[in-house]
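Contents: one structure, followed by commentary.
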Amino acid sequence: MGAANPVLAPDFLHACVNLLTGFGQRSDHYICVKKGGTCNFSSCPLFQKIEGTCYGKKAKCCIR
């Protein structure tokens, strides 16, 4: 049997570490703004609805 590809092993290990550490996750604020919403600590403005949270669930994500 041949030896493992030396380039593949570190890449695989790196991918596993990234999955375990949550690499690539976006903050709730980023997700809210990406959807077109705004983060508010008070009530959502008139004609907007709550569509999630922001700042670690301390604020509301408001979307039209």
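Following the order of the structure tokens, first chain is A, next is B, and so on, with residues numbered from 1 inside each chain and ligands from 1 in the order they appear.
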May I have the residues within 8 Å of Asn40 in chain A as an NGL selection string, using only C-alpha atoms and disregarding those fewer than 6 positions away in the same chain?
-> :A and (54 or 59-62)
Residues from last step as file, N, CA, C and O atoms, as a PDB file, in the first residue's frame:
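Saved the output as part-v8.pdb:
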```pdb
ATOM      1  N   CYS A  54     -30.636  39.919  17.231  1.00  0.00           N
ATOM      2  CA  CYS A  54     -29.329  40.526  16.948  1.00  0.00           C
ATOM      3  C   CYS A  54     -28.528  40.634  18.244  1.00  0.00           C
ATOM      4  O   CYS A  54     -29.098  40.614  19.323  1.00  0.00           O
ATOM      5  N   ALA A  59     -31.208  42.045  21.020  1.00  0.00           N
ATOM      6  CA  ALA A  59     -32.009  42.971  20.231  1.00  0.00           C
ATOM      7  C   ALA A  59     -32.856  42.190  19.242  1.00  0.00           C
ATOM      8  O   ALA A  59     -32.664  40.993  19.040  1.00  0.00           O
ATOM      9  N   LYS A  60     -33.799  42.897  18.601  1.00  0.00           N
ATOM     10  CA  LYS A  60     -34.693  42.274  17.626  1.00  0.00           C
ATOM     11  C   LYS A  60     -34.250  42.622  16.214  1.00  0.00           C
ATOM     12  O   LYS A  60     -33.806  43.732  15.957  1.00  0.00           O
ATOM     13  N   CYS A  61     -34.407  41.671  15.293  1.00  0.00           N
ATOM     14  CA  CYS A  61     -34.177  41.923  13.866  1.00  0.00           C
ATOM     15  C   CYS A  61     -35.530  42.266  13.254  1.00  0.00           C
ATOM     16  O   CYS A  61     -36.444  41.445  13.272  1.00  0.00           O
ATOM     17  N   CYS A  62     -35.659  43.480  12.752  1.00  0.00           N
ATOM     18  CA  CYS A  62     -36.939  43.951  12.204  1.00  0.00           C
ATOM     19  C   CYS A  62     -36.853  44.054  10.695  1.00  0.00           C
ATOM     20  O   CYS A  62     -35.910  44.638  10.150  1.00  0.00           O
TER      21      CYS A  62
END
```
From the list A:Asp28, A:Lys58, A:Val33, A:Ile63, which residue is nearest Pro45 in chain A when using only C-alpha atoms?
-> A:Ile63
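When the distance limit is 8 Å and only C-alpha atoms are what count, the residues near Ser27 in chain A, minus those fewer than 4 positions from it on the same chain, are A:Ile31, A:Cys54, A:Tyr55, A:Gly56.
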State, in Å with one decimal place, the distance from CA of Gly52 in chain A to CA of Arg26 in chain A.
-> 13.8 Å
